[in-house]
file final_0.cif (mmCIF, N, CA and C atoms)
data_upload
loop_
_atom_site.label_atom_id
_atom_site.label_comp_id
_atom_site.auth_asym_id
_atom_site.auth_seq_id
_atom_site.Cartn_x
_atom_site.Cartn_y
_atom_site.Cartn_z
N MET A 1 260.88 82.57 179.04
CA MET A 1 260.27 81.30 179.36
C MET A 1 259.86 80.61 178.06
N ASN A 2 260.34 79.42 177.86
CA ASN A 2 260.03 78.66 176.64
C ASN A 2 258.98 77.62 176.97
N TYR A 3 257.78 77.81 176.51
CA TYR A 3 256.66 76.92 176.81
C TYR A 3 256.22 76.25 175.53
N GLU A 4 256.32 74.94 175.50
CA GLU A 4 255.91 74.21 174.32
C GLU A 4 254.46 73.74 174.47
N ILE A 5 253.67 74.01 173.47
CA ILE A 5 252.27 73.60 173.49
C ILE A 5 252.17 72.18 172.95
N GLU A 6 251.59 71.30 173.75
CA GLU A 6 251.47 69.89 173.36
C GLU A 6 250.44 69.73 172.24
N THR A 7 250.80 68.92 171.27
CA THR A 7 249.88 68.54 170.21
C THR A 7 249.11 67.31 170.69
N ILE A 8 247.82 67.30 170.42
CA ILE A 8 246.97 66.17 170.82
C ILE A 8 246.71 65.30 169.59
N TYR A 9 246.89 64.00 169.77
CA TYR A 9 246.71 63.04 168.68
C TYR A 9 245.50 62.18 168.94
N TYR A 10 244.87 61.79 167.84
CA TYR A 10 243.70 60.91 167.85
C TYR A 10 244.18 59.54 167.38
N LEU A 11 243.96 58.52 168.19
CA LEU A 11 244.36 57.16 167.86
C LEU A 11 243.11 56.31 167.73
N ALA A 12 243.01 55.55 166.65
CA ALA A 12 241.82 54.71 166.43
C ALA A 12 242.25 53.33 165.97
N ASN A 13 241.80 52.31 166.69
CA ASN A 13 242.04 50.93 166.28
C ASN A 13 240.68 50.32 165.95
N PRO A 14 240.31 50.29 164.66
CA PRO A 14 239.00 49.76 164.28
C PRO A 14 238.85 48.27 164.57
N GLU A 15 239.96 47.55 164.65
CA GLU A 15 239.89 46.12 164.92
C GLU A 15 239.38 45.83 166.33
N THR A 16 239.80 46.65 167.30
CA THR A 16 239.37 46.45 168.69
C THR A 16 238.35 47.50 169.12
N ASP A 17 237.98 48.38 168.20
CA ASP A 17 237.02 49.45 168.47
C ASP A 17 237.48 50.36 169.62
N GLN A 18 238.79 50.66 169.64
CA GLN A 18 239.35 51.53 170.66
C GLN A 18 239.71 52.88 170.03
N ILE A 19 239.38 53.92 170.76
CA ILE A 19 239.75 55.28 170.38
C ILE A 19 240.38 55.92 171.61
N ALA A 20 241.48 56.64 171.39
CA ALA A 20 242.14 57.32 172.50
C ALA A 20 242.73 58.63 172.01
N PHE A 21 243.00 59.49 172.96
CA PHE A 21 243.67 60.75 172.70
C PHE A 21 244.98 60.73 173.46
N ALA A 22 246.02 61.27 172.86
CA ALA A 22 247.32 61.26 173.51
C ALA A 22 248.11 62.50 173.10
N THR A 23 248.97 62.93 173.97
CA THR A 23 249.89 64.02 173.65
C THR A 23 251.10 63.45 172.91
N GLY A 24 251.85 64.32 172.28
CA GLY A 24 253.08 63.88 171.63
C GLY A 24 254.03 63.23 172.62
N SER A 25 254.10 63.75 173.83
CA SER A 25 254.95 63.16 174.86
C SER A 25 254.49 61.75 175.22
N GLN A 26 253.18 61.55 175.32
CA GLN A 26 252.67 60.22 175.63
C GLN A 26 253.00 59.22 174.53
N LEU A 27 252.95 59.68 173.27
CA LEU A 27 253.29 58.79 172.16
C LEU A 27 254.75 58.37 172.23
N ARG A 28 255.61 59.28 172.66
CA ARG A 28 257.04 58.99 172.72
C ARG A 28 257.44 58.19 173.95
N TYR A 29 256.87 58.49 175.11
CA TYR A 29 257.40 57.96 176.36
C TYR A 29 256.48 57.01 177.12
N GLU A 30 255.25 56.86 176.71
CA GLU A 30 254.33 55.98 177.43
C GLU A 30 253.92 54.81 176.55
N ASP A 31 253.15 53.91 177.11
CA ASP A 31 252.75 52.69 176.42
C ASP A 31 251.41 52.81 175.71
N ILE A 32 250.98 54.00 175.38
CA ILE A 32 249.66 54.17 174.78
C ILE A 32 249.55 53.46 173.43
N ILE A 33 250.62 53.45 172.63
CA ILE A 33 250.60 52.75 171.34
C ILE A 33 250.41 51.25 171.60
N LYS A 34 251.10 50.74 172.60
CA LYS A 34 250.97 49.32 172.94
C LYS A 34 249.56 49.02 173.44
N ASP A 35 249.01 49.91 174.26
CA ASP A 35 247.66 49.72 174.81
C ASP A 35 246.60 49.70 173.72
N ILE A 36 246.73 50.57 172.73
CA ILE A 36 245.71 50.69 171.69
C ILE A 36 245.93 49.72 170.54
N PHE A 37 247.18 49.56 170.11
CA PHE A 37 247.46 48.76 168.91
C PHE A 37 248.18 47.44 169.18
N GLY A 38 248.74 47.26 170.37
CA GLY A 38 249.43 46.02 170.70
C GLY A 38 250.82 45.91 170.12
N VAL A 39 251.41 47.03 169.69
CA VAL A 39 252.79 47.04 169.20
C VAL A 39 253.61 48.00 170.05
N ALA A 40 254.93 47.81 170.02
CA ALA A 40 255.81 48.55 170.92
C ALA A 40 255.90 50.04 170.62
N SER A 41 255.88 50.41 169.35
CA SER A 41 256.04 51.83 169.04
C SER A 41 255.25 52.21 167.79
N ILE A 42 255.14 53.50 167.60
CA ILE A 42 254.43 54.02 166.44
C ILE A 42 255.11 53.60 165.14
N HIS A 43 256.40 53.33 165.21
CA HIS A 43 257.15 52.91 164.02
C HIS A 43 256.79 51.49 163.57
N ASP A 44 256.10 50.72 164.43
CA ASP A 44 255.67 49.36 164.08
C ASP A 44 254.33 49.36 163.33
N LEU A 45 253.61 50.47 163.38
CA LEU A 45 252.28 50.51 162.78
C LEU A 45 252.26 50.30 161.27
N PRO A 46 253.18 50.87 160.49
CA PRO A 46 253.16 50.60 159.04
C PRO A 46 253.30 49.10 158.73
N MET A 47 254.15 48.41 159.51
CA MET A 47 254.32 46.98 159.30
C MET A 47 253.04 46.23 159.68
N MET A 48 252.41 46.67 160.74
CA MET A 48 251.14 46.06 161.16
C MET A 48 250.08 46.25 160.08
N ILE A 49 250.02 47.45 159.51
CA ILE A 49 249.07 47.72 158.44
C ILE A 49 249.36 46.82 157.24
N GLN A 50 250.60 46.63 156.93
CA GLN A 50 250.99 45.86 155.74
C GLN A 50 250.76 44.36 155.91
N TYR A 51 251.05 43.80 157.09
CA TYR A 51 251.06 42.35 157.24
C TYR A 51 249.92 41.75 158.06
N ASN A 52 249.23 42.53 158.85
CA ASN A 52 248.14 42.00 159.67
C ASN A 52 246.83 42.12 158.88
N LYS A 53 246.40 41.02 158.28
CA LYS A 53 245.23 41.03 157.40
C LYS A 53 243.95 41.41 158.14
N ASN A 54 243.78 40.94 159.38
CA ASN A 54 242.57 41.31 160.15
C ASN A 54 242.54 42.82 160.41
N PHE A 55 243.69 43.37 160.72
CA PHE A 55 243.79 44.81 160.96
C PHE A 55 243.47 45.58 159.68
N GLN A 56 244.04 45.12 158.57
CA GLN A 56 243.76 45.74 157.26
C GLN A 56 242.26 45.72 156.97
N SER A 57 241.65 44.56 157.15
CA SER A 57 240.21 44.42 156.87
C SER A 57 239.37 45.34 157.73
N SER A 58 239.74 45.46 159.01
CA SER A 58 238.96 46.32 159.89
C SER A 58 239.09 47.78 159.48
N ILE A 59 240.29 48.20 159.05
CA ILE A 59 240.47 49.58 158.58
C ILE A 59 239.66 49.81 157.31
N CYS A 60 239.73 48.85 156.38
CA CYS A 60 238.97 48.97 155.12
C CYS A 60 237.48 49.10 155.40
N SER A 61 236.98 48.26 156.28
CA SER A 61 235.55 48.27 156.61
C SER A 61 235.16 49.57 157.31
N TYR A 62 235.94 50.01 158.28
CA TYR A 62 235.64 51.19 159.07
C TYR A 62 235.66 52.46 158.22
N PHE A 63 236.67 52.58 157.35
CA PHE A 63 236.83 53.81 156.57
C PHE A 63 236.26 53.70 155.16
N GLY A 64 235.81 52.52 154.76
CA GLY A 64 235.26 52.35 153.42
C GLY A 64 236.29 52.53 152.33
N VAL A 65 237.48 51.98 152.54
CA VAL A 65 238.57 52.11 151.57
C VAL A 65 239.05 50.73 151.13
N MET A 66 239.85 50.71 150.07
CA MET A 66 240.49 49.49 149.62
C MET A 66 241.84 49.35 150.33
N GLU A 67 242.39 48.14 150.33
CA GLU A 67 243.68 47.91 151.01
C GLU A 67 244.77 48.86 150.54
N ASN A 68 244.83 49.13 149.25
CA ASN A 68 245.89 50.00 148.73
C ASN A 68 245.65 51.49 149.05
N GLU A 69 244.53 51.81 149.67
CA GLU A 69 244.22 53.20 150.04
C GLU A 69 244.46 53.49 151.52
N ILE A 70 244.84 52.48 152.30
CA ILE A 70 245.06 52.65 153.73
C ILE A 70 246.29 53.53 153.97
N THR A 71 246.12 54.49 154.89
CA THR A 71 247.23 55.34 155.29
C THR A 71 247.38 55.31 156.81
N LEU A 72 248.56 55.59 157.27
CA LEU A 72 248.82 55.65 158.71
C LEU A 72 247.96 56.74 159.37
N GLU A 73 247.71 57.82 158.64
CA GLU A 73 246.93 58.94 159.18
C GLU A 73 245.48 58.56 159.48
N MET A 74 245.03 57.44 158.95
CA MET A 74 243.67 56.99 159.27
C MET A 74 243.58 56.55 160.73
N ILE A 75 244.66 56.03 161.27
CA ILE A 75 244.62 55.49 162.63
C ILE A 75 245.39 56.33 163.65
N VAL A 76 246.32 57.17 163.20
CA VAL A 76 247.06 58.08 164.08
C VAL A 76 247.18 59.41 163.36
N ARG A 77 246.58 60.45 163.95
CA ARG A 77 246.63 61.77 163.33
C ARG A 77 246.47 62.83 164.40
N VAL A 78 246.78 64.06 164.03
CA VAL A 78 246.54 65.17 164.94
C VAL A 78 245.03 65.32 165.09
N ALA A 79 244.57 65.43 166.31
CA ALA A 79 243.14 65.55 166.59
C ALA A 79 242.58 66.83 165.99
N THR A 80 241.27 66.82 165.75
CA THR A 80 240.56 67.97 165.19
C THR A 80 239.60 68.56 166.22
N LYS A 81 239.04 69.70 165.88
CA LYS A 81 238.03 70.34 166.73
C LYS A 81 236.83 69.42 166.94
N ILE A 82 236.44 68.72 165.90
CA ILE A 82 235.31 67.79 166.01
C ILE A 82 235.65 66.65 166.98
N ASP A 83 236.90 66.21 166.96
CA ASP A 83 237.33 65.18 167.90
C ASP A 83 237.18 65.65 169.34
N LEU A 84 237.29 66.96 169.54
CA LEU A 84 237.14 67.49 170.90
C LEU A 84 235.79 67.15 171.50
N LEU A 85 234.77 67.06 170.65
CA LEU A 85 233.45 66.68 171.17
C LEU A 85 233.50 65.29 171.79
N GLU A 86 234.18 64.38 171.11
CA GLU A 86 234.33 63.02 171.65
C GLU A 86 235.17 63.06 172.92
N LEU A 87 236.23 63.86 172.91
CA LEU A 87 237.06 64.01 174.09
C LEU A 87 236.25 64.58 175.25
N LYS A 88 235.40 65.56 174.94
CA LYS A 88 234.57 66.17 175.99
C LYS A 88 233.61 65.14 176.57
N ASN A 89 233.02 64.31 175.72
CA ASN A 89 232.12 63.27 176.21
C ASN A 89 232.86 62.29 177.13
N GLN A 90 234.08 61.88 176.72
CA GLN A 90 234.88 60.99 177.56
C GLN A 90 235.20 61.69 178.89
N TYR A 91 235.57 62.95 178.81
CA TYR A 91 235.93 63.70 180.01
C TYR A 91 234.74 63.84 180.96
N GLU A 92 233.55 64.12 180.41
CA GLU A 92 232.36 64.24 181.25
C GLU A 92 232.03 62.92 181.94
N GLU A 93 232.23 61.80 181.24
CA GLU A 93 232.02 60.49 181.86
C GLU A 93 233.01 60.27 183.00
N GLN A 94 234.27 60.67 182.80
CA GLN A 94 235.27 60.55 183.85
C GLN A 94 234.89 61.43 185.04
N LEU A 95 234.40 62.65 184.77
CA LEU A 95 234.00 63.55 185.84
C LEU A 95 232.86 62.94 186.66
N LYS A 96 231.90 62.32 185.98
CA LYS A 96 230.79 61.68 186.69
C LYS A 96 231.32 60.57 187.60
N GLN A 97 232.25 59.78 187.09
CA GLN A 97 232.83 58.69 187.87
C GLN A 97 233.59 59.24 189.08
N VAL A 98 234.36 60.29 188.87
CA VAL A 98 235.12 60.90 189.96
C VAL A 98 234.17 61.49 190.99
N SER A 99 233.07 62.10 190.54
CA SER A 99 232.10 62.68 191.47
C SER A 99 231.46 61.60 192.33
N VAL A 100 231.19 60.44 191.74
CA VAL A 100 230.63 59.32 192.50
C VAL A 100 231.61 58.86 193.57
N GLU A 101 232.91 58.90 193.23
CA GLU A 101 233.94 58.49 194.18
C GLU A 101 234.22 59.57 195.22
N GLY A 102 233.69 60.77 195.01
CA GLY A 102 233.75 61.81 196.02
C GLY A 102 234.94 62.75 195.99
N ASN A 103 235.73 62.74 194.92
CA ASN A 103 236.86 63.66 194.88
C ASN A 103 236.91 64.41 193.56
N GLY A 104 235.76 64.97 193.17
CA GLY A 104 235.65 65.63 191.87
C GLY A 104 236.36 66.97 191.81
N THR A 105 237.19 67.14 190.81
CA THR A 105 237.81 68.42 190.52
C THR A 105 237.67 68.67 189.03
N ASN A 106 237.72 69.91 188.66
CA ASN A 106 237.53 70.28 187.26
C ASN A 106 238.88 70.56 186.62
N THR A 107 239.70 69.53 186.49
CA THR A 107 241.01 69.70 185.87
C THR A 107 240.94 69.26 184.42
N PRO A 108 241.70 69.91 183.56
CA PRO A 108 241.66 69.53 182.14
C PRO A 108 242.31 68.16 181.91
N PRO A 109 241.87 67.44 180.88
CA PRO A 109 242.46 66.13 180.59
C PRO A 109 243.90 66.23 180.08
N PHE A 110 244.27 67.39 179.54
CA PHE A 110 245.63 67.65 179.06
C PHE A 110 246.07 69.00 179.62
N ASP A 111 247.14 69.56 179.09
CA ASP A 111 247.57 70.89 179.50
C ASP A 111 246.45 71.90 179.25
N THR A 112 246.56 73.08 179.85
CA THR A 112 245.53 74.10 179.66
C THR A 112 245.57 74.67 178.24
N MET A 113 246.72 74.55 177.57
CA MET A 113 246.85 74.98 176.17
C MET A 113 247.26 73.76 175.36
N ILE A 114 246.51 73.48 174.27
CA ILE A 114 246.81 72.34 173.41
C ILE A 114 246.78 72.78 171.95
N ARG A 115 247.42 71.98 171.10
CA ARG A 115 247.42 72.25 169.66
C ARG A 115 246.64 71.14 168.96
N LEU A 116 245.72 71.56 168.08
CA LEU A 116 244.94 70.66 167.24
C LEU A 116 245.17 71.06 165.78
N GLN A 117 244.53 70.35 164.86
CA GLN A 117 244.69 70.69 163.44
C GLN A 117 244.30 72.13 163.15
N GLU A 118 243.27 72.63 163.81
CA GLU A 118 242.76 73.97 163.50
C GLU A 118 243.50 75.09 164.22
N GLY A 119 244.37 74.75 165.17
CA GLY A 119 245.10 75.79 165.88
C GLY A 119 245.30 75.46 167.34
N ILE A 120 245.47 76.52 168.12
CA ILE A 120 245.73 76.38 169.55
C ILE A 120 244.43 76.59 170.32
N PHE A 121 244.21 75.74 171.31
CA PHE A 121 243.00 75.78 172.12
C PHE A 121 243.38 75.95 173.58
N GLN A 122 242.51 76.66 174.32
CA GLN A 122 242.75 76.89 175.74
C GLN A 122 241.60 76.32 176.55
N TRP A 123 241.93 75.76 177.71
CA TRP A 123 240.94 75.15 178.59
C TRP A 123 240.03 76.21 179.19
N ASP A 124 238.72 75.96 179.13
CA ASP A 124 237.71 76.82 179.73
C ASP A 124 237.13 76.04 180.91
N GLU A 125 237.55 76.42 182.11
CA GLU A 125 237.16 75.69 183.31
C GLU A 125 235.64 75.73 183.54
N GLU A 126 235.04 76.86 183.24
CA GLU A 126 233.60 77.02 183.47
C GLU A 126 232.77 76.02 182.68
N HIS A 127 233.19 75.75 181.42
CA HIS A 127 232.43 74.84 180.56
C HIS A 127 233.09 73.48 180.39
N SER A 128 234.19 73.26 181.08
CA SER A 128 234.94 72.00 181.00
C SER A 128 235.21 71.60 179.56
N SER A 129 235.76 72.55 178.80
CA SER A 129 236.06 72.28 177.39
C SER A 129 237.21 73.17 176.93
N TYR A 130 237.73 72.81 175.76
CA TYR A 130 238.78 73.61 175.14
C TYR A 130 238.15 74.52 174.10
N ASN A 131 238.60 75.77 174.07
CA ASN A 131 238.12 76.75 173.09
C ASN A 131 239.28 77.26 172.25
N LEU A 132 239.01 77.51 170.98
CA LEU A 132 240.02 78.01 170.07
C LEU A 132 240.50 79.38 170.53
N VAL A 133 241.82 79.56 170.53
CA VAL A 133 242.41 80.86 170.86
C VAL A 133 242.42 81.67 169.58
N LYS A 134 241.73 82.78 169.59
CA LYS A 134 241.65 83.63 168.40
C LYS A 134 242.86 84.52 168.34
N THR A 135 243.49 84.53 167.15
CA THR A 135 244.63 85.41 166.96
C THR A 135 244.19 86.56 166.05
N THR A 136 244.73 87.74 166.32
CA THR A 136 244.33 88.90 165.51
C THR A 136 245.39 89.28 164.54
#
call {"tool": "encode", "arguments": {"input": "final_0.cif", "output": "structure tokens"}}
result
Amino acid sequence: MNYEIETIYYLANPETDQIAFATGSQLRYEDIIKDIFGVASIHDLPMMIQYNKNFQSSICSYFGVMENEITLEMIVRVATKIDLLELKNQYEEQLKQVSVEGNGTNTPPFDTMIRLQEGIFQWDEEHSSYNLVKTT
């Protein structure tokens, strides 16, 4: 059985103050790039960084960098363990909303196994969070 572990990406648009998490599959096949950045694909982002002055300014202000220091990784990168805290907060808000609507279930926001910068994480249903899988 060949099981591919999805990598989770952190997307940040400082101009619109939007932050999202997406799997590699979502980046390739869904409109998440369009929803967050307003461009058709991830390949359009370098051009947006280069030519959209408002976008450049918002990145410079948000990250405290100069225009010539802007990198694509500032706005699209593999998520980190620290990012999981933000993801968990978003997930808990969604759970509260679902509970109000009366159909609450404790399903993970992504696959039960995900890949982040620090390694592979597994969903812990009891705590509604992802935990690092320790390798020996």
call {"tool": "residues_around", "arguments": {"input": "final_0.cif", "residues": "Gln117 in chain A", "least_positions_apart": "6", "cutoff": "6 Å", "atoms": "all atoms listed in the file", "output": "PyMOL selection string"}}
result
chain A and resi 78-81
call {"tool": "atom_distance", "arguments": {"input": "final_0.cif", "atom1": "CA of Ile5 in chain A", "atom2": "CA of Asp83 in chain A"}}
result
18.0 Å
call {"tool": "resolve_selection", "arguments": {"input": "final_0.cif", "expression": "the PyMOL selection byres ((chain A and resi 15) around 6.5)", "output": "list in words"}}
result
Ala12, Asn13, Pro14, Thr16, Asp17, Gln18, Asn54, Phe55, Ser58 and Ile59 of chain A
call {"tool": "write_last_selection", "arguments": {"input": "final_0.cif", "atoms": "N, CA and C atoms", "output": "mmCIF file, keeping the file's coordinate frame"}}
result
data_model
loop_
_atom_site.group_PDB
_atom_site.id
_atom_site.type_symbol
_atom_site.label_atom_id
_atom_site.label_comp_id
_atom_site.auth_asym_id
_atom_site.auth_seq_id
_atom_site.Cartn_x
_atom_site.Cartn_y
_atom_site.Cartn_z
ATOM 1 N N ALA A 12 243.010 55.550 166.650
ATOM 2 C CA ALA A 12 241.820 54.710 166.430
ATOM 3 C C ALA A 12 242.250 53.330 165.970
ATOM 4 N N ASN A 13 241.800 52.310 166.690
ATOM 5 C CA ASN A 13 242.040 50.930 166.280
ATOM 6 C C ASN A 13 240.680 50.320 165.950
ATOM 7 N N PRO A 14 240.310 50.290 164.660
ATOM 8 C CA PRO A 14 239.000 49.760 164.280
ATOM 9 C C PRO A 14 238.850 48.270 164.570
ATOM 10 N N THR A 16 239.800 46.650 167.300
ATOM 11 C CA THR A 16 239.370 46.450 168.690
ATOM 12 C C THR A 16 238.350 47.500 169.120
ATOM 13 N N ASP A 17 237.980 48.380 168.200
ATOM 14 C CA ASP A 17 237.020 49.450 168.470
ATOM 15 C C ASP A 17 237.480 50.360 169.620
ATOM 16 N N GLN A 18 238.790 50.660 169.640
ATOM 17 C CA GLN A 18 239.350 51.530 170.660
ATOM 18 C C GLN A 18 239.710 52.880 170.030
ATOM 19 N N ASN A 54 243.780 40.940 159.380
ATOM 20 C CA ASN A 54 242.570 41.310 160.150
ATOM 21 C C ASN A 54 242.540 42.820 160.410
ATOM 22 N N PHE A 55 243.690 43.370 160.720
ATOM 23 C CA PHE A 55 243.790 44.810 160.960
ATOM 24 C C PHE A 55 243.470 45.580 159.680
ATOM 25 N N SER A 58 239.740 45.460 159.010
ATOM 26 C CA SER A 58 238.960 46.320 159.890
ATOM 27 C C SER A 58 239.090 47.780 159.480
ATOM 28 N N ILE A 59 240.290 48.200 159.050
ATOM 29 C CA ILE A 59 240.470 49.580 158.580
ATOM 30 C C ILE A 59 239.660 49.810 157.310
#
call {"tool": "residues_around", "arguments": {"input": "final_0.cif", "residues": "range 40-53 of chain A", "least_positions_apart": "5", "cutoff": "7 Å", "atoms": "only C-alpha atoms", "output": "VMD selection string"}}
result
chain A and resid 33 to 34 72
call {"tool": "select_by_dssp", "arguments": {"input": "final_0.cif", "residues": "chain A", "states": "strand (DSSP E or B)", "output": "compact mmCIF listing (two decimals) with N, CA and C atoms, in the coordinates of the input"}}
result
# COMPACT_ATOMS: atom_id res chain seq x y z
N GLU A 6 251.59 71.30 173.75
CA GLU A 6 251.47 69.89 173.36
C GLU A 6 250.44 69.73 172.24
N THR A 7 250.80 68.92 171.27
CA THR A 7 249.88 68.54 170.21
C THR A 7 249.11 67.31 170.69
N ILE A 8 247.82 67.30 170.42
CA ILE A 8 246.97 66.17 170.82
C ILE A 8 246.71 65.30 169.59
N TYR A 9 246.89 64.00 169.77
CA TYR A 9 246.71 63.04 168.68
C TYR A 9 245.50 62.18 168.94
N TYR A 10 244.87 61.79 167.84
CA TYR A 10 243.70 60.91 167.85
C TYR A 10 244.18 59.54 167.38
N LEU A 11 243.96 58.52 168.19
CA LEU A 11 244.36 57.16 167.86
C LEU A 11 243.11 56.31 167.73
N ALA A 12 243.01 55.55 166.65
CA ALA A 12 241.82 54.71 166.43
C ALA A 12 242.25 53.33 165.97
N ASN A 13 241.80 52.31 166.69
CA ASN A 13 242.04 50.93 166.28
C ASN A 13 240.68 50.32 165.95
N GLN A 18 238.79 50.66 169.64
CA GLN A 18 239.35 51.53 170.66
C GLN A 18 239.71 52.88 170.03
N ILE A 19 239.38 53.92 170.76
CA ILE A 19 239.75 55.28 170.38
C ILE A 19 240.38 55.92 171.61
N ALA A 20 241.48 56.64 171.39
CA ALA A 20 242.14 57.32 172.50
C ALA A 20 242.73 58.63 172.01
N PHE A 21 243.00 59.49 172.96
CA PHE A 21 243.67 60.75 172.70
C PHE A 21 244.98 60.73 173.46
N ALA A 22 246.02 61.27 172.86
CA ALA A 22 247.32 61.26 173.51
C ALA A 22 248.11 62.50 173.10
N THR A 23 248.97 62.93 173.97
CA THR A 23 249.89 64.02 173.65
C THR A 23 251.10 63.45 172.91
N VAL A 76 246.32 57.17 163.20
CA VAL A 76 247.06 58.08 164.08
C VAL A 76 247.18 59.41 163.36
N ARG A 77 246.58 60.45 163.95
CA ARG A 77 246.63 61.77 163.33
C ARG A 77 246.47 62.83 164.40
N VAL A 78 246.78 64.06 164.03
CA VAL A 78 246.54 65.17 164.94
C VAL A 78 245.03 65.32 165.09
N MET A 113 246.72 74.55 177.57
CA MET A 113 246.85 74.98 176.17
C MET A 113 247.26 73.76 175.36
N ILE A 114 246.51 73.48 174.27
CA ILE A 114 246.81 72.34 173.41
C ILE A 114 246.78 72.78 171.95
N ARG A 115 247.42 71.98 171.10
CA ARG A 115 247.42 72.25 169.66
C ARG A 115 246.64 71.14 168.96
N LEU A 116 245.72 71.56 168.08
CA LEU A 116 244.94 70.66 167.24
C LEU A 116 245.17 71.06 165.78
N GLY A 119 244.37 74.75 165.17
CA GLY A 119 245.10 75.79 165.88
C GLY A 119 245.30 75.46 167.34
N ILE A 120 245.47 76.52 168.12
CA ILE A 120 245.73 76.38 169.55
C ILE A 120 244.43 76.59 170.32
N PHE A 121 244.21 75.74 171.31
CA PHE A 121 243.00 75.78 172.12
C PHE A 121 243.38 75.95 173.58
N GLN A 122 242.51 76.66 174.32
CA GLN A 122 242.75 76.89 175.74
C GLN A 122 241.60 76.32 176.55
N TRP A 123 241.93 75.76 177.71
CA TRP A 123 240.94 75.15 178.59
C TRP A 123 240.03 76.21 179.19
N ASP A 124 238.72 75.96 179.13
CA ASP A 124 237.71 76.82 179.73
C ASP A 124 237.13 76.04 180.91
N SER A 129 235.76 72.55 178.80
CA SER A 129 236.06 72.28 177.39
C SER A 129 237.21 73.17 176.93
N TYR A 130 237.73 72.81 175.76
CA TYR A 130 238.78 73.61 175.14
C TYR A 130 238.15 74.52 174.10
N ASN A 131 238.60 75.77 174.07
CA ASN A 131 238.12 76.75 173.09
C ASN A 131 239.28 77.26 172.25
N LEU A 132 239.01 77.51 170.98
CA LEU A 132 240.02 78.01 170.07
C LEU A 132 240.50 79.38 170.53
call {"tool": "atom_distance", "arguments": {"input": "final_0.cif", "atom1": "CA of Val65 in chain A", "atom2": "CA of Arg28 in chain A"}}
result
28.9 Å
call {"tool": "atom_distance", "arguments": {"input": "final_0.cif", "atom1": "atom N of Glu86 in chain A", "atom2": "atom C of Thr23 in chain A"}}
result
17.0 Å
call {"tool": "resolve_selection", "arguments": {"input": "final_0.cif", "expression": "the PyMOL selection byres ((chain A and resi 6) around 6.5)", "output": "PyMOL selection string"}}
result
chain A and resi 4-5+7-8+23-24+113-115
call {"tool": "resolve_selection", "arguments": {"input": "final_0.cif", "expression": "the PyMOL selection byres (((chain A and resi 20 and name CA) around 10) and name CA)", "output": "PyMOL selection string"}}
result
chain A and resi 9-13+18-19+21-22+32-33+35-36+76+86-87+90
call {"tool": "decode", "arguments": {"input": "final_0.cif", "residues": "range 56-67 of chain A", "atoms": "N, CA and C atoms", "output": "PDB file, in the first residue's frame"}}
result
ATOM      1  N   GLN A  56       3.622  44.561  -2.417  1.00  0.00           N
ATOM      2  CA  GLN A  56       5.009  44.681  -1.951  1.00  0.00           C
ATOM      3  C   GLN A  56       5.067  45.440  -0.630  1.00  0.00           C
ATOM      4  N   SER A  57       4.392  46.577  -0.589  1.00  0.00           N
ATOM      5  CA  SER A  57       4.406  47.418   0.619  1.00  0.00           C
ATOM      6  C   SER A  57       3.837  46.683   1.822  1.00  0.00           C
ATOM      7  N   SER A  58       2.755  45.935   1.596  1.00  0.00           N
ATOM      8  CA  SER A  58       2.150  45.212   2.720  1.00  0.00           C
ATOM      9  C   SER A  58       3.087  44.121   3.232  1.00  0.00           C
ATOM     10  N   ILE A  59       3.796  43.444   2.328  1.00  0.00           N
ATOM     11  CA  ILE A  59       4.762  42.419   2.750  1.00  0.00           C
ATOM     12  C   ILE A  59       5.907  43.071   3.521  1.00  0.00           C
ATOM     13  N   CYS A  60       6.418  44.193   2.996  1.00  0.00           N
ATOM     14  CA  CYS A  60       7.515  44.897   3.675  1.00  0.00           C
ATOM     15  C   CYS A  60       7.104  45.319   5.079  1.00  0.00           C
ATOM     16  N   SER A  61       5.915  45.874   5.192  1.00  0.00           N
ATOM     17  CA  SER A  61       5.422  46.342   6.487  1.00  0.00           C
ATOM     18  C   SER A  61       5.204  45.172   7.452  1.00  0.00           C
ATOM     19  N   TYR A  62       4.577  44.108   6.983  1.00  0.00           N
ATOM     20  CA  TYR A  62       4.247  42.963   7.818  1.00  0.00           C
ATOM     21  C   TYR A  62       5.496  42.240   8.324  1.00  0.00           C
ATOM     22  N   PHE A  63       6.476  42.055   7.436  1.00  0.00           N
ATOM     23  CA  PHE A  63       7.671  41.289   7.802  1.00  0.00           C
ATOM     24  C   PHE A  63       8.851  42.164   8.196  1.00  0.00           C
ATOM     25  N   GLY A  64       8.722  43.476   8.057  1.00  0.00           N
ATOM     26  CA  GLY A  64       9.811  44.376   8.419  1.00  0.00           C
ATOM     27  C   GLY A  64      11.030  44.210   7.527  1.00  0.00           C
ATOM     28  N   VAL A  65      10.796  44.072   6.225  1.00  0.00           N
ATOM     29  CA  VAL A  65      11.884  43.885   5.270  1.00  0.00           C
ATOM     30  C   VAL A  65      11.843  44.977   4.204  1.00  0.00           C
ATOM     31  N   MET A  66      12.916  45.073   3.436  1.00  0.00           N
ATOM     32  CA  MET A  66      12.977  45.979   2.298  1.00  0.00           C
ATOM     33  C   MET A  66      12.453  45.241   1.060  1.00  0.00           C
ATOM     34  N   GLU A  67      12.083  45.994   0.028  1.00  0.00           N
ATOM     35  CA  GLU A  67      11.552  45.380  -1.195  1.00  0.00           C
ATOM     36  C   GLU A  67      12.476  44.320  -1.773  1.00  0.00           C
TER      37      GLU A  67
END
